[in-house]
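**Q** Please find run_34.cif (mmCIF, C-alpha atoms and all ligand atoms) on the next line:
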data_protein
#
loop_
_atom_site.label_atom_id
_atom_site.label_comp_id
_atom_site.auth_asym_id
_atom_site.auth_seq_id
_atom_site.Cartn_x
_atom_site.Cartn_y
_atom_site.Cartn_z
CA MET A 18 196.65 155.75 1.43
CA LEU A 19 197.69 154.23 4.76
CA ASN A 20 195.09 156.36 6.53
CA LYS A 21 192.42 155.35 4.05
CA SER A 22 193.04 151.61 4.42
CA PHE A 23 193.24 152.06 8.19
CA SER A 24 189.87 153.77 8.31
CA ILE A 25 188.29 151.14 6.02
CA ARG A 26 189.69 148.43 8.32
CA ASN A 27 188.36 150.38 11.30
CA LEU A 28 184.93 150.70 9.74
CA PHE A 29 184.90 146.98 8.96
CA PHE A 30 185.87 146.18 12.56
CA TRP A 31 183.15 148.39 14.05
CA GLY A 32 180.63 147.04 11.52
CA ILE A 33 181.33 143.48 12.70
CA ILE A 34 181.06 144.57 16.35
CA LEU A 35 177.72 146.26 15.60
CA VAL A 36 176.30 143.20 13.84
CA LEU A 37 177.50 140.89 16.63
CA ASN A 38 176.08 143.25 19.24
CA CYS A 39 172.68 143.42 17.50
CA SER A 40 172.43 139.69 17.04
CA ALA A 41 173.68 139.08 20.61
CA ASN A 42 170.93 141.34 21.97
CA ALA A 43 168.31 139.45 19.96
CA GLN A 44 169.62 135.96 20.77
CA GLY A 45 166.81 133.51 21.49
CA LEU A 46 164.21 135.77 19.89
CA THR A 47 162.81 134.38 16.65
CA GLY A 48 161.29 136.32 13.76
CA ILE A 49 157.53 136.43 13.22
CA ILE A 50 155.80 135.85 9.88
CA LEU A 51 152.72 138.07 9.86
CA SER A 52 149.37 137.17 8.30
CA PRO A 53 148.31 138.77 4.99
CA PRO A 54 146.26 141.93 5.62
CA ASP A 55 142.48 141.55 5.80
CA THR A 56 141.44 144.54 3.71
CA ASN A 57 137.73 143.81 4.11
CA ARG A 58 137.47 144.51 7.81
CA GLY A 59 136.72 147.61 9.85
CA LEU A 60 134.34 150.53 9.91
CA PRO A 61 134.00 152.93 6.96
CA VAL A 62 136.47 155.81 7.18
CA MET A 63 133.86 158.40 8.30
CA LYS A 64 132.79 156.19 11.19
CA ALA A 65 136.43 155.57 12.12
CA LEU A 66 137.06 159.33 12.11
CA GLN A 67 134.04 159.79 14.34
CA ARG A 68 135.51 157.27 16.82
CA ARG A 69 139.17 158.32 16.68
CA ALA A 70 140.42 159.30 20.16
CA SER A 71 143.48 158.88 22.36
CA THR A 72 143.16 156.68 25.40
CA ARG A 73 145.02 156.58 28.72
CA GLN A 74 143.45 153.27 29.81
CA PHE A 75 145.30 150.26 28.46
CA ASP A 76 143.93 146.74 28.41
CA THR A 77 146.70 144.16 28.89
CA THR A 78 145.31 141.33 26.70
CA ASN A 79 147.73 140.31 23.93
CA LEU A 80 146.67 141.20 20.40
CA ASN A 81 145.93 138.19 18.22
CA GLN A 82 148.09 137.50 15.16
CA GLN A 83 145.61 138.96 12.63
CA ASP A 84 145.13 142.19 14.60
CA LEU A 85 148.89 142.67 15.00
CA SER A 86 149.48 141.90 11.30
CA ASP A 87 146.74 144.28 10.12
CA LEU A 88 147.89 147.01 12.52
CA LEU A 89 151.39 147.01 11.01
CA TRP A 90 150.19 146.82 7.43
CA ALA A 91 147.79 149.71 8.08
CA ALA A 92 150.57 151.69 9.80
CA ASN A 93 153.09 151.55 6.96
CA GLY A 94 152.75 148.36 4.94
CA ILE A 95 153.14 147.98 1.20
CA ASN A 96 149.78 148.56 -0.53
CA ARG A 97 151.11 148.64 -4.12
CA PRO A 98 153.52 145.72 -4.57
CA GLN A 99 154.41 146.77 -8.14
CA SER A 100 156.04 149.98 -6.89
CA GLY A 101 156.71 149.02 -3.26
CA LYS A 102 154.80 152.10 -2.11
CA ARG A 103 153.19 152.28 1.29
CA THR A 104 149.87 152.89 3.08
CA ALA A 105 151.52 156.12 4.38
CA PRO A 106 152.94 158.70 1.97
CA SER A 107 156.45 160.06 2.67
CA ALA A 108 158.37 163.12 1.51
CA LEU A 109 160.23 162.26 -1.72
CA ASN A 110 158.94 158.70 -1.22
CA ALA A 111 161.94 158.33 1.12
CA GLN A 112 160.02 155.77 3.24
CA ASP A 113 162.04 157.04 6.19
CA ILE A 114 159.71 155.79 8.94
CA ASP A 115 160.54 152.39 10.42
CA VAL A 116 158.09 150.82 12.84
CA TYR A 117 159.72 149.05 15.79
CA VAL A 118 157.29 146.81 17.63
CA VAL A 119 157.76 146.54 21.39
CA LEU A 120 156.20 143.33 22.75
CA LYS A 121 156.50 141.50 26.05
CA LYS A 122 159.08 139.06 24.64
CA GLY A 123 161.20 141.62 22.84
CA ILE A 124 161.53 144.41 20.32
CA TYR A 125 161.14 143.71 16.59
CA LEU A 126 161.51 145.72 13.41
CA TYR A 127 158.60 145.60 10.97
CA ASN A 128 159.90 144.58 7.56
CA ALA A 129 157.26 145.84 5.12
CA ALA A 130 158.88 144.15 2.12
CA ASP A 131 158.14 140.65 3.38
CA HIS A 132 155.55 141.59 6.03
CA THR A 133 157.54 140.03 8.89
CA LEU A 134 158.92 141.08 12.25
CA GLN A 135 162.70 140.86 12.61
CA PRO A 136 164.09 140.40 16.13
CA VAL A 137 166.11 143.34 17.47
CA VAL A 138 166.34 143.08 21.27
CA LYS A 139 165.13 140.34 23.59
CA GLY A 140 163.21 141.09 26.80
CA ASP A 141 160.32 143.18 28.03
CA HIS A 142 161.18 146.87 27.52
CA ARG A 143 157.62 148.23 27.35
CA GLN A 144 157.97 150.07 30.68
CA LEU A 145 160.38 152.48 28.95
CA PHE A 146 157.42 153.81 26.98
CA ALA A 147 154.96 154.03 29.88
CA GLY A 148 153.22 157.29 30.64
CA ARG A 149 153.81 159.32 33.79
CA ASN A 150 150.86 157.84 35.69
CA PRO A 151 152.22 154.97 37.87
CA GLU A 152 148.73 153.40 37.92
CA GLU A 153 148.72 153.06 34.14
CA GLN A 154 148.59 149.53 32.75
CA ILE A 155 151.13 148.59 30.08
CA ALA A 156 149.69 147.95 26.61
CA PRO A 157 150.63 144.62 24.96
CA VAL A 158 152.00 146.35 21.84
CA ILE A 159 153.88 149.62 21.46
CA CYS A 160 154.65 150.87 17.96
CA LEU A 161 157.77 153.01 17.96
CA LEU A 162 158.13 155.24 14.89
CA VAL A 163 161.76 155.96 13.98
CA SER A 164 162.78 158.14 11.05
CA ASP A 165 166.03 157.47 9.23
CA LEU A 166 166.91 160.95 7.98
CA SER A 167 169.70 159.59 5.77
CA ARG A 168 167.00 158.19 3.44
CA PHE A 169 166.07 161.67 2.18
CA PRO A 170 168.00 161.66 -1.09
CA THR A 171 168.02 165.44 -1.61
CA GLY A 172 166.76 168.66 -0.09
CA ASP A 173 167.99 171.11 2.46
CA GLU A 174 169.17 169.33 5.61
CA SER A 175 167.22 171.77 7.75
CA MET A 176 164.05 170.43 6.11
CA HIS A 177 164.80 166.76 6.80
CA MET A 178 163.58 166.86 10.40
CA VAL A 179 160.42 168.68 9.29
CA TRP A 180 159.70 165.98 6.71
CA ALA A 181 160.50 163.26 9.26
CA ALA A 182 157.95 164.76 11.68
CA GLU A 183 155.35 165.02 8.92
CA ASP A 184 155.96 161.44 7.79
CA ALA A 185 155.78 160.12 11.37
CA GLY A 186 152.53 162.03 11.92
CA ILE A 187 150.94 160.33 8.94
CA VAL A 188 151.97 156.83 10.06
CA SER A 189 150.66 157.71 13.51
CA GLN A 190 147.29 158.74 12.07
CA ASN A 191 147.12 155.48 10.07
CA ILE A 192 147.54 153.63 13.37
CA SER A 193 144.91 155.75 15.13
CA LEU A 194 142.35 155.34 12.34
CA PHE A 195 142.97 151.60 12.04
CA CYS A 196 142.47 151.28 15.81
CA ALA A 197 139.27 153.33 15.75
CA SER A 198 138.01 151.24 12.86
CA VAL A 199 138.50 147.77 14.39
CA GLY A 200 137.91 148.26 18.13
CA LEU A 201 141.47 148.87 19.35
CA ALA A 202 142.66 151.74 21.53
CA THR A 203 145.82 153.85 21.17
CA ARG A 204 147.54 157.13 22.05
CA PRO A 205 150.37 158.85 20.14
CA ARG A 206 153.19 159.85 22.48
CA ALA A 207 156.23 161.99 21.87
CA ASN A 208 157.33 161.55 25.47
CA MET A 209 160.00 158.82 25.86
CA PRO A 210 163.65 158.57 26.99
CA VAL A 211 165.08 159.09 23.51
CA GLU A 212 168.76 158.51 24.36
CA ILE A 213 168.04 155.26 26.21
CA VAL A 214 165.88 154.09 23.30
CA ARG A 215 168.67 154.95 20.86
CA GLN A 216 171.18 152.87 22.82
CA LEU A 217 168.81 149.95 23.35
CA LEU A 218 168.05 149.68 19.64
CA ASN A 219 171.60 150.47 18.55
CA LEU A 220 170.31 153.24 16.30
CA LYS A 221 172.53 155.07 13.82
CA LYS A 222 173.09 158.81 14.28
CA SER A 223 170.71 159.46 11.41
CA GLN A 224 167.86 157.53 13.07
CA GLN A 225 165.52 159.61 15.19
CA PRO A 226 162.80 158.16 17.46
CA MET A 227 159.75 160.33 16.69
CA LEU A 228 156.65 158.92 18.39
CA ASN A 229 155.55 155.84 20.25
CA GLN A 230 152.05 154.49 20.18
CA PRO A 231 150.73 151.90 22.67
CA VAL A 232 147.97 149.73 21.15
CA CYS A 233 145.50 147.47 22.99
CA TYR A 234 141.96 146.17 22.79
CA ASN A 235 139.29 148.69 23.58
CA PRO A 236 136.83 146.82 25.79
CA ASP A 237 134.09 149.42 25.17
CA ARG A 238 134.37 149.24 21.41
CA LEU A 239 134.81 145.60 20.53
CA HIS A 240 131.37 145.61 18.94
CA PRO A 241 131.24 148.80 16.88
CA ASP A 242 127.83 149.72 15.46
C1 LIG B 1 152.69 164.69 18.07
C2 LIG B 1 151.92 164.26 19.29
C3 LIG B 1 152.59 164.02 20.47
C4 LIG B 1 151.91 163.58 21.61
N1 LIG B 1 152.62 163.28 22.73
C5 LIG B 1 151.95 162.85 23.83
C6 LIG B 1 152.69 162.46 24.99
O1 LIG B 1 153.91 162.52 25.03
N2 LIG B 1 151.99 162.01 26.07
C7 LIG B 1 150.62 161.91 26.05
O2 LIG B 1 150.03 161.50 27.06
N3 LIG B 1 149.91 162.25 24.95
C8 LIG B 1 150.53 162.70 23.84
N4 LIG B 1 149.84 163.01 22.70
C9 LIG B 1 148.36 162.83 22.69
C10 LIG B 1 147.63 164.16 22.84
O3 LIG B 1 147.71 164.60 24.19
C11 LIG B 1 146.17 163.97 22.42
O4 LIG B 1 146.15 163.65 21.05
C12 LIG B 1 145.39 165.24 22.69
O5 LIG B 1 145.14 165.39 24.07
C13 LIG B 1 144.04 165.25 21.97
O6 LIG B 1 143.26 164.12 22.35
P1 LIG B 1 142.64 163.15 21.25
O7 LIG B 1 143.78 162.49 20.53
O8 LIG B 1 141.81 162.17 22.02
O9 LIG B 1 141.85 163.99 20.32
C14 LIG B 1 150.49 163.43 21.57
C15 LIG B 1 149.81 163.69 20.37
C16 LIG B 1 150.51 164.08 19.24
C17 LIG B 1 149.75 164.32 17.95
#
Would you write the structure of this file as structure tokens?
**A**
Amino acid sequence: MLNKSFSIRNLFFWGIILVLNCSANAQGLTGIILSPPDTNRGLPVMKALQRRASTRQFDTTNLNQQDLSDLLWAANGINRPQSGKRTAPSALNAQDIDVYVVLKKGIYLYNAADHTLQPVVKGDHRQLFAGRNPEEQIAPVICLLVSDLSRFPTGDESMHMVWAAEDAGIVSQNISLFCASVGLATRPRANMPVEIVRQLLNLKKSQQPMLNQPVCYNPDRLHPD
């Protein structure tokens, strides 16, 4: 009994520390209300598939509010408000993939339920996700896909990482097709310093960074035919 109340008190203590730590890291960074998705834009899906490609050349111009909003909705937004289901399917509808958005001013978490960005960490951390080429320019937006494996309600634990990888791959392809469709450029990347990212974002043990995806304007494709 004593042990139990001690561990509950301990948990409470560490919970408070965690919350304070998160909010301290995000201090001075305000949330962002995104614009409703423009579902009438972009190339037809066959044209977008024809244009889909990964780039290594990143333009540094900031994305405008509508492009950023549509990018996140396309990645993993809610497309059926009655059921809360997403643009990307997920194993057991676990909706395990969270999209963290790394911008110059800080890192945010995309909240699909209210289509907003919640502040997580202040400051420019985009360099963490840069490629190996020192000449490479840093994209204005990096989408970081993190799976929370604790959201899989059932199933063999050995399968959870497989499902997480599959779910991340689908969100990644949503991003790539959206980019191809509207004149943006992107590249999925598994390469990143996972442990540093974990610490920076204060991730739980069950949360696994899967892929990051820089997104920028594609100067050659701003006027698709
Ligand atoms: C799961 C996955 C992980 C990847 N990781 C990296 C990476 O860490 N670094 C990188 O430069 N490209 C990465 N890529 C991009 C691939 O190199 C690229 O998709 C491949 O060369 C094919 O080119 P394409 O996408 O233009 O067809 C990754 C792609 C996928 C699907």
**Q** I'd like the neighbourhood of Thr78 of chain A as a PyMOL selection string, where a residue qualifies if any of its atoms comes within 8 Å (using all atoms listed in the file), though same-chain residues fewer than 6 positions away should be ignored.
**A** chain A and resi 156-157+233-234
**Q** Nearest residue to Asn96 of chain A out of A:Val116, A:Ala111, A:His132, A:Ile124, using only C-alpha atoms?
**A**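 Going through A:Val116, A:Ala111, A:His132, A:Ile124 one by one, the smallest distance to Asn96 of chain A is for A:His132.
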**Q** Hey, could you make a per-residue contact list for chain A against ligand LIG 1 (chain B) with 9 Å as the cut-off, showing the nearest pair of atoms and its distance in Å to one decimal, counting all atoms listed in the file, sorted by chain and number, as a tab-separated table?
**A**
residue	atom	partner	partner_atom	distance
A:Arg69	CA	B:LIG1	O8	7.1
A:Ala70	CA	B:LIG1	O8	3.7
A:Ser71	CA	B:LIG1	O8	3.7
A:Thr72	CA	B:LIG1	O8	6.6
A:Arg73	CA	B:LIG1	O2	7.2
A:Gly148	CA	B:LIG1	O2	6.4
A:Arg149	CA	B:LIG1	O2	8.0
A:Ala182	CA	B:LIG1	C1	8.3
A:Ala185	CA	B:LIG1	C1	8.7
A:Gly186	CA	B:LIG1	C1	6.7
A:Ser189	CA	B:LIG1	C17	8.0
A:Gln190	CA	B:LIG1	C17	8.5
A:Ser193	CA	B:LIG1	O7	8.7
A:Thr203	CA	B:LIG1	O7	8.9
A:Arg204	CA	B:LIG1	C9	5.8
A:Pro205	CA	B:LIG1	C14	4.8
A:Arg206	CA	B:LIG1	N1	3.5
A:Ala207	CA	B:LIG1	N1	3.9
A:Asn208	CA	B:LIG1	O1	3.6
A:Met209	CA	B:LIG1	O1	7.2
A:Met227	CA	B:LIG1	C1	8.4
A:Leu228	CA	B:LIG1	C3	6.8
A:Asn229	CA	B:LIG1	N1	8.4
**Q** With distances taken over only C-alpha atoms, which of A:Val163, A:Ile114, A:Val232, A:Leu109 is nearest to Val199 of chain A?
**A** A:Val232
**Q** Counting only C-alpha atoms, select every polymer residue within 12 Å of (148.6, 139.5, 16.6) as defined in the file's coordinates, and provide the selection as a list in words.
**A** Ile49, Ile50, Leu51, Ser52, Pro53, Pro54, Thr78, Asn79, Leu80, Asn81, Gln82, Gln83, Asp84, Leu85, Ser86, Asp87, Leu88, Leu89, Trp90, Val118, Leu120, Thr133, Leu134, Pro157, Val158, Val232, Cys233 and Tyr234 of chain A
**Q** Restricted to C-alpha atoms, what would the selected residues look like written as an mmCIF file, keeping the file's coordinate frame?
**A**
data_model
loop_
_atom_site.group_PDB
_atom_site.id
_atom_site.type_symbol
_atom_site.label_atom_id
_atom_site.label_comp_id
_atom_site.auth_asym_id
_atom_site.auth_seq_id
_atom_site.Cartn_x
_atom_site.Cartn_y
_atom_site.Cartn_z
ATOM 1 C CA ILE A 49 157.530 136.430 13.220
ATOM 2 C CA ILE A 50 155.800 135.850 9.880
ATOM 3 C CA LEU A 51 152.720 138.070 9.860
ATOM 4 C CA SER A 52 149.370 137.170 8.300
ATOM 5 C CA PRO A 53 148.310 138.770 4.990
ATOM 6 C CA PRO A 54 146.260 141.930 5.620
ATOM 7 C CA THR A 78 145.310 141.330 26.700
ATOM 8 C CA ASN A 79 147.730 140.310 23.930
ATOM 9 C CA LEU A 80 146.670 141.200 20.400
ATOM 10 C CA ASN A 81 145.930 138.190 18.220
ATOM 11 C CA GLN A 82 148.090 137.500 15.160
ATOM 12 C CA GLN A 83 145.610 138.960 12.630
ATOM 13 C CA ASP A 84 145.130 142.190 14.600
ATOM 14 C CA LEU A 85 148.890 142.670 15.000
ATOM 15 C CA SER A 86 149.480 141.900 11.300
ATOM 16 C CA ASP A 87 146.740 144.280 10.120
ATOM 17 C CA LEU A 88 147.890 147.010 12.520
ATOM 18 C CA LEU A 89 151.390 147.010 11.010
ATOM 19 C CA TRP A 90 150.190 146.820 7.430
ATOM 20 C CA VAL A 118 157.290 146.810 17.630
ATOM 21 C CA LEU A 120 156.200 143.330 22.750
ATOM 22 C CA THR A 133 157.540 140.030 8.890
ATOM 23 C CA LEU A 134 158.920 141.080 12.250
ATOM 24 C CA PRO A 157 150.630 144.620 24.960
ATOM 25 C CA VAL A 158 152.000 146.350 21.840
ATOM 26 C CA VAL A 232 147.970 149.730 21.150
ATOM 27 C CA CYS A 233 145.500 147.470 22.990
ATOM 28 C CA TYR A 234 141.960 146.170 22.790
#
**Q** With all atoms listed in the file as the basis for distance, which of A:Leu162, A:Ser100, A:Asn57, A:Arg68 is at the shortest distance from Val214 of chain A?
**A**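 Looking only at the distances to Val214 of chain A, the closest residue turns out to be A:Leu162.
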**Q** Mind giving me the axis-aligned box for segment 191-208 of chain A with 3 Å on every side, centre plus edges in Å to one decimal, as AutoDock Vina command-line options?
**A**
--center_x 147.6 --center_y 154.9 --center_z 17.8 --size_x 25.4 --size_y 20.2 --size_z 21.4
**Q** Counting only C-alpha atoms, which residue out of A:Asp184, A:Asp141, A:Glu174, A:Glu153 sits closest to Gln112 of chain A?
**A** A:Asp184
**Q** Between atom CA of Asn93 of chain A and atom CA of Ala105 of chain A, measure the distance and give it in Å to one decimal.
**A**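 Atom CA of Ala105 of chain A lies at a distance of 5.5 Å from atom CA of Asn93 of chain A.
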**Q** With only C-alpha atoms as the basis for distance, which of A:Asn191, A:Gln74, A:Gln144, A:Gln224 is at the shortest distance from Val62 of chain A?
**A**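 Of the candidates, the smallest distance to Val62 of chain A is held by A:Asn191.
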**Q** If I take atom CA of Ala108 of chain A and atom CA of Ser198 of chain A, how far is one from the other in Å, to one decimal?
**A**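 Distance reported for this atom pair: 26.2 Å.
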**Q** In Å, with one decimal, what is the gap from atom CA of Asp76 of chain A to atom CA of Glu183 of chain A?
**A**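 Calculated distance between atom CA of Asp76 of chain A and atom CA of Glu183 of chain A is 29.1 Å.
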**Q** Rank nothing, just name the residue among A:Leu145, A:Ile155, A:Met63, A:Ala92 nearest to Asn128 of chain A, using all atoms listed in the file.
**A**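 Selected residue with least distance to Asn128 of chain A: A:Ala92.
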**Q** Would you list the contacts of Ala130 of chain A as a CSV table (one decimal) with C-alpha atoms, keeping the file's coordinate frame, taking every protein, DNA or RNA residue within 9 Å and counting all atoms listed in the file, but skipping same-chain residues closer than 5 positions in sequence?
**A**
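The resulting file, out-v8.csv, is reproduced below:
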chain,number,residue,atom,x,y,z
A,94,GLY,CA,152.8,148.4,4.9
A,95,ILE,CA,153.1,148.0,1.2
A,98,PRO,CA,153.5,145.7,-4.6
A,101,GLY,CA,156.7,149.0,-3.3
**Q** Give me the residues within 10 Å of Asn42 of chain A as a list of chain:residue names, counting all atoms listed in the file and dropping any in the same chain fewer than 6 places off.
**A**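 What passes the distance filter is A:Val36, A:Gly123, A:Pro136, A:Val137, A:Val138, A:Lys139, A:Gly140, A:Leu217, A:Leu218, A:Asn219.
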